[in-house]
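K.L.:
Okay, so here is input_0.txt, and as you'll see once you scroll down, it has compact mmCIF, C-alpha atoms.
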```
# COMPACT_ATOMS: atom_id res chain seq x y z
CA GLY C 1 69.24 60.40 110.30
CA ARG C 2 73.03 60.24 110.59
CA ALA C 3 73.37 59.22 106.96
CA ALA C 4 71.20 62.18 105.90
CA CYS C 5 73.36 64.55 107.99
CA ARG C 6 76.55 63.14 106.48
CA GLY C 7 75.06 63.47 103.02
CA GLY C 8 74.10 67.09 103.70
CA ARG C 9 77.62 67.91 104.92
CA THR C 10 79.12 66.28 101.83
CA ARG C 11 76.88 68.31 99.52
CA ARG C 12 77.79 71.52 101.36
CA ARG C 13 81.50 70.75 101.03
CA ARG C 14 81.05 70.11 97.33
CA ARG C 15 79.17 73.37 96.86
CA SER C 16 81.78 75.32 98.82
CA GLY C 17 84.58 73.72 96.78
CA ARG C 18 83.14 74.72 93.42
CA PRO C 19 83.89 78.47 93.72
CA ARG C 20 87.45 77.61 94.72
CA LEU C 21 87.90 75.40 91.65
CA VAL C 22 86.38 78.04 89.39
CA THR C 23 88.65 80.73 90.84
CA CYS C 24 91.70 78.49 90.46
CA GLY C 25 90.71 77.86 86.85
CA ILE C 26 90.39 81.59 86.21
CA LEU C 27 93.82 82.18 87.75
CA VAL C 28 95.50 79.49 85.63
CA ALA C 29 93.72 80.65 82.46
CA SER C 30 94.67 84.30 83.04
CA LEU C 31 98.32 83.39 83.62
CA ALA C 32 98.30 81.39 80.38
CA ALA C 33 96.68 84.37 78.66
CA THR C 34 99.66 86.56 79.58
CA TRP C 35 101.51 84.51 76.94
CA ALA C 36 98.67 83.89 74.49
CA VAL C 37 97.26 87.41 74.23
CA PRO C 38 100.56 89.15 73.33
CA ALA C 39 101.24 86.42 70.77
CA VAL C 40 97.86 86.98 69.12
CA ILE C 41 98.24 90.76 69.15
CA SER C 42 101.74 90.66 67.67
CA ALA C 43 100.55 88.34 64.90
CA ALA C 44 97.32 90.21 64.12
CA ALA C 45 98.51 93.81 64.63
CA PRO C 46 102.33 94.08 64.78
CA ALA C 47 102.14 97.88 65.12
CA ILE C 48 100.40 97.61 68.53
CA SER C 49 102.66 97.34 71.55
CA SER C 50 101.68 94.65 74.04
CA TYR C 51 103.33 96.72 76.75
CA SER C 52 100.98 99.70 76.52
CA PHE C 53 97.85 98.18 74.92
CA PRO C 54 95.33 97.77 77.79
CA PRO C 55 93.66 94.54 76.57
CA ALA C 56 97.07 92.92 76.46
CA ARG C 57 97.57 93.72 80.16
CA LEU C 58 94.07 92.63 81.22
CA PRO C 59 95.11 89.03 82.06
CA GLU C 60 97.46 90.36 84.74
CA PHE C 61 94.59 92.24 86.36
CA VAL C 62 92.35 89.16 86.28
CA ALA C 63 95.12 87.01 87.75
CA GLY C 64 95.57 89.47 90.61
CA ILE C 65 91.86 89.50 91.40
CA ALA C 66 91.65 85.70 91.30
CA ALA C 67 94.66 85.37 93.60
CA ALA C 68 93.17 87.89 96.04
CA LEU C 69 89.89 85.96 96.12
CA LEU C 70 91.73 82.71 96.78
CA VAL C 71 93.57 84.30 99.72
CA ARG C 72 90.56 86.07 101.16
CA HIS C 73 87.80 83.51 100.72
CA HIS C 74 89.34 80.14 99.88
CA GLY C 75 92.26 79.74 102.26
CA TRP C 76 95.33 80.04 100.02
CA ARG C 77 97.74 80.20 102.96
CA ARG C 78 100.70 77.92 102.11
CA SER C 79 102.88 80.47 100.36
CA PRO C 80 106.35 81.01 101.86
CA VAL C 81 108.02 84.26 100.87
CA LEU C 82 111.54 83.05 100.02
CA PRO C 83 110.63 80.51 97.30
CA ALA C 84 108.16 82.99 95.80
CA LEU C 85 110.92 85.62 95.74
CA PHE C 86 113.24 83.23 93.89
CA VAL C 87 110.54 82.49 91.30
CA ALA C 88 109.89 86.21 90.84
CA ILE C 89 113.60 86.94 90.37
CA ALA C 90 113.92 84.09 87.88
CA GLY C 91 110.92 85.39 85.95
CA TYR C 92 112.43 88.86 85.84
CA ALA C 93 115.71 87.46 84.54
CA ILE C 94 113.85 85.62 81.78
CA ALA C 95 111.93 88.80 80.94
CA THR C 96 115.20 90.70 80.44
CA ARG C 97 116.27 88.00 78.00
CA LEU C 98 113.04 88.33 76.07
CA GLY C 99 113.76 92.04 75.66
CA ALA C 100 111.58 93.78 73.10
CA THR C 101 109.55 90.69 72.22
CA PRO C 102 105.81 90.73 72.97
CA PHE C 103 106.51 88.54 76.01
CA GLY C 104 108.96 90.89 77.70
CA ALA C 105 106.32 93.01 79.42
CA ALA C 106 104.58 90.56 81.75
CA SER C 107 104.48 87.02 80.40
CA ALA C 108 107.58 85.74 82.17
CA THR C 109 107.04 87.64 85.42
CA SER C 110 103.34 87.02 86.10
CA VAL C 111 103.64 83.66 87.89
CA GLY C 112 106.43 84.81 90.17
CA PHE C 113 104.78 88.11 90.99
CA VAL C 114 101.46 86.42 91.82
CA LEU C 115 103.23 83.97 94.14
CA LEU C 116 105.22 86.77 95.77
CA ILE C 117 102.20 89.03 96.29
CA VAL C 118 100.21 86.17 97.81
CA ALA C 119 103.12 85.24 100.09
CA LEU C 120 103.53 88.84 101.29
CA ALA C 121 99.78 89.20 101.82
CA ASN C 122 99.73 86.06 103.94
CA ALA C 123 102.72 87.34 105.89
CA ASP C 124 100.73 90.48 106.72
CA ILE C 125 97.71 88.36 107.70
CA ASP C 126 99.90 86.28 110.02
CA GLY C 127 101.50 89.39 111.54
CA ARG C 128 104.98 88.66 110.18
CA ALA C 129 107.10 91.75 109.53
CA THR C 130 107.74 92.46 105.86
CA GLY C 131 108.21 96.23 105.90
CA LEU C 132 105.31 96.62 103.49
CA SER C 133 102.42 97.19 105.89
CA SER C 134 103.41 100.67 107.08
CA ARG C 135 101.16 103.65 106.48
CA LEU C 136 103.55 105.04 103.86
CA MET C 137 103.58 101.80 101.87
CA GLN C 138 99.79 101.59 102.05
CA ARG C 139 99.49 105.13 100.69
CA LEU C 140 101.87 104.31 97.87
CA GLY C 141 99.96 101.13 97.13
CA SER C 142 96.60 102.89 97.03
CA ALA C 143 97.93 105.22 94.32
CA SER C 144 99.82 102.52 92.43
CA PHE C 145 97.31 102.31 89.58
CA ALA C 146 97.44 106.07 89.06
CA PHE C 147 101.24 105.85 89.17
CA TYR C 148 101.14 103.13 86.51
CA ILE C 149 99.04 105.38 84.29
CA VAL C 150 101.24 108.48 84.50
CA HIS C 151 104.79 107.27 85.09
CA LEU C 152 105.80 106.65 81.47
CA LEU C 153 104.46 110.02 80.32
CA VAL C 154 106.30 111.77 83.14
CA VAL C 155 109.57 109.97 82.40
CA GLN C 156 109.38 110.87 78.72
CA SER C 157 108.53 114.49 79.53
CA VAL C 158 111.37 114.90 82.03
CA MET C 159 113.94 113.18 79.83
CA GLY C 160 112.89 115.45 76.96
CA PHE C 161 114.37 118.41 78.84
CA LEU C 162 117.75 116.72 79.20
CA PRO C 163 120.40 116.82 76.47
CA SER C 164 120.53 113.80 74.19
CA GLU C 165 124.17 113.21 75.15
CA ARG C 166 123.87 113.39 78.93
CA THR C 167 126.17 112.20 81.66
CA ASP C 168 125.30 109.44 84.11
CA ALA C 169 124.79 112.06 86.82
CA GLU C 170 122.33 113.98 84.64
CA GLY C 171 120.45 110.80 83.82
CA PHE C 172 120.28 109.82 87.50
CA LEU C 173 119.06 113.28 88.49
CA GLY C 174 116.44 113.18 85.73
CA ALA C 175 115.25 109.78 86.98
CA LEU C 176 114.86 111.14 90.53
CA VAL C 177 112.92 114.16 89.28
CA ALA C 178 110.69 111.92 87.15
CA LEU C 179 110.04 109.59 90.09
CA ALA C 180 109.11 112.46 92.42
CA ALA C 181 106.89 114.08 89.79
CA ALA C 182 105.16 110.81 88.94
CA LEU C 183 104.49 110.05 92.62
CA ALA C 184 103.07 113.53 93.21
CA LEU C 185 100.91 113.40 90.10
CA ALA C 186 99.70 109.91 91.01
CA GLN C 187 98.57 111.13 94.44
CA VAL C 188 96.67 114.02 92.83
CA LEU C 189 95.05 111.67 90.31
CA HIS C 190 94.18 109.14 93.02
CA ARG C 191 92.63 111.70 95.36
CA GLY C 192 91.00 113.89 92.71
CA VAL C 193 89.78 111.33 90.20
CA GLU C 194 90.11 107.71 91.28
CA ARG C 195 88.60 107.98 94.76
CA PRO C 196 85.67 110.24 93.73
CA ALA C 197 84.92 107.89 90.81
CA HIS C 198 85.04 104.92 93.19
CA ASP C 199 82.65 106.64 95.60
CA LEU C 200 80.35 107.63 92.74
CA LEU C 201 80.18 104.10 91.35
CA LEU C 202 79.71 102.39 94.71
CA GLY C 203 77.78 105.13 96.49
CA GLY C 204 74.43 104.13 95.01
CA ALA C 205 74.88 100.50 95.99
CA THR C 206 75.94 101.50 99.51
CA ARG C 207 72.94 103.80 99.93
CA ARG C 208 70.58 101.10 98.68
CA SER C 209 72.04 98.58 101.11
CA GLN C 210 71.56 101.04 103.98
CA THR C 211 67.97 101.99 103.03
CA PRO C 212 65.46 100.31 105.37
CA PRO C 213 62.52 98.34 103.94
CA ALA C 214 59.45 100.28 102.83
CA GLY C 215 57.49 99.45 105.96
CA ARG C 216 60.10 101.02 108.22
CA ARG C 217 61.09 104.15 106.30
CA HIS C 218 58.88 106.52 108.29
CA GLY C 219 59.75 105.57 111.83
CA THR C 220 57.99 102.19 112.00
CA PRO C 221 60.02 100.09 114.44
CA ASP C 222 61.62 96.87 113.31
CA PRO C 223 59.80 93.98 115.02
CA ALA C 224 63.02 91.99 115.20
CA ALA C 225 64.72 94.83 117.11
CA MET C 226 61.88 95.33 119.65
CA PRO C 227 62.44 93.94 123.17
CA PRO C 228 60.43 90.86 124.07
CA ALA C 229 57.15 91.39 125.91
CA PRO C 230 57.22 90.77 129.68
CA PRO C 231 55.78 87.44 130.81
CA ALA C 232 52.12 87.42 131.75
CA SER C 233 51.28 87.67 135.43
CA PRO C 234 49.96 84.39 136.92
CA ASN C 235 47.22 86.43 138.62
CA GLY C 236 45.72 87.57 135.38
```
For the structure just supplied, provide its representation as structure tokens.

P.N.:
Amino acid sequence: GRAACRGGRTRRRRRSGRPRLVTCGILVASLAATWAVPAVISAAAPAISSYSFPPARLPEFVAGIAAALLVRHHGWRRSPVLPALFVAIAGYAIATRLGATPFGAASATSVGFVLLIVALANADIDGRATGLSSRLMQRLGSASFAFYIVHLLVVQSVMGFLPSERTDAEGFLGALVALAAALALAQVLHRGVERPAHDLLLGGATRRSQTPPAGRRHGTPDPAAMPPAPPASPNG
């Protein structure tokens, strides 16, 4: 009996470890793809920019999802902030050296940013102060995808109104205006498009999960929720 119990526990541990290994494999593969995909695109279609071509940025998205799953479901907790910050800074320095190459957009920074995001997420989970868990930062984070979509268009539009030979003060003022406009437009896009689309896509699944079984849709009580019957009287 004890051997069977030990064998059952071993099989359960193996089954629970498989999703973790698969998720780790997806994370490693997606980080490698941040180098491979831009290389393939630049060789096959040199006119396409790896910076703005969505399939070229897909590995970053997949890496972020895999890292989030590892933190949430598979116990990725050993991630100190300071070493992750150093790796992120080093990756950014390498990216500046790569410049306009296909690898300057995200290839060199992905590993450091994943480590830093995981470290900061674990700091929030542990209740350590990072300055990033305030309501303002959460609002900015919720609209970050919309900001990513619009910021380059806004910057180009604002800078188009400035003279080609502008002073540093004019450039700085234009950058502030572009930042404020991009943040405002991102909030409008997030509230008016992204959140309604999210609710529309997930609303059906949520309603289905909340719909009671067919036998209980018209007021039939759930047997599992009914109170137990009182014990029978010994006198009959």

K.L.:
Pick out the closest residue to Ala33 of chain C from this set: C:Ser52, C:Ser79, C:Ser107, C:Ser157. Count all atoms listed in the file.

P.N.:
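Using all atoms listed in the file, the shortest distance to Ala33 of chain C belongs to C:Ser107.
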
K.L.:
Given only C-alpha atoms as the basis, pick out the residue of C:Val81, C:Met137, C:Met159, C:Ala29 nearest to Pro59 of chain C.

P.N.:
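Result for the nearest residue to Pro59 of chain C: C:Ala29.
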
K.L.:
Between C:Ala175, C:Val71, C:Arg57, C:Leu183, which one has atoms that come closest to Asn122 of chain C, using all atoms listed in the file?

P.N.:
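Among C:Ala175, C:Val71, C:Arg57, C:Leu183, it is C:Val71 that comes nearest to Asn122 of chain C.
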
K.L.:
C:Ala186, C:Arg77, C:Val87, C:Glu170: which is nearest Asp124 of chain C, counting all atoms listed in the file?

P.N.:
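Closest candidate: C:Arg77.
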
K.L.:
Please, what distance in Å, to one decimal, runs between atom CA of Ala67 of chain C and atom CA of Cys24 of chain C?

P.N.:
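Separation between atom CA of Ala67 of chain C and atom CA of Cys24 of chain C: 8.1 Å.
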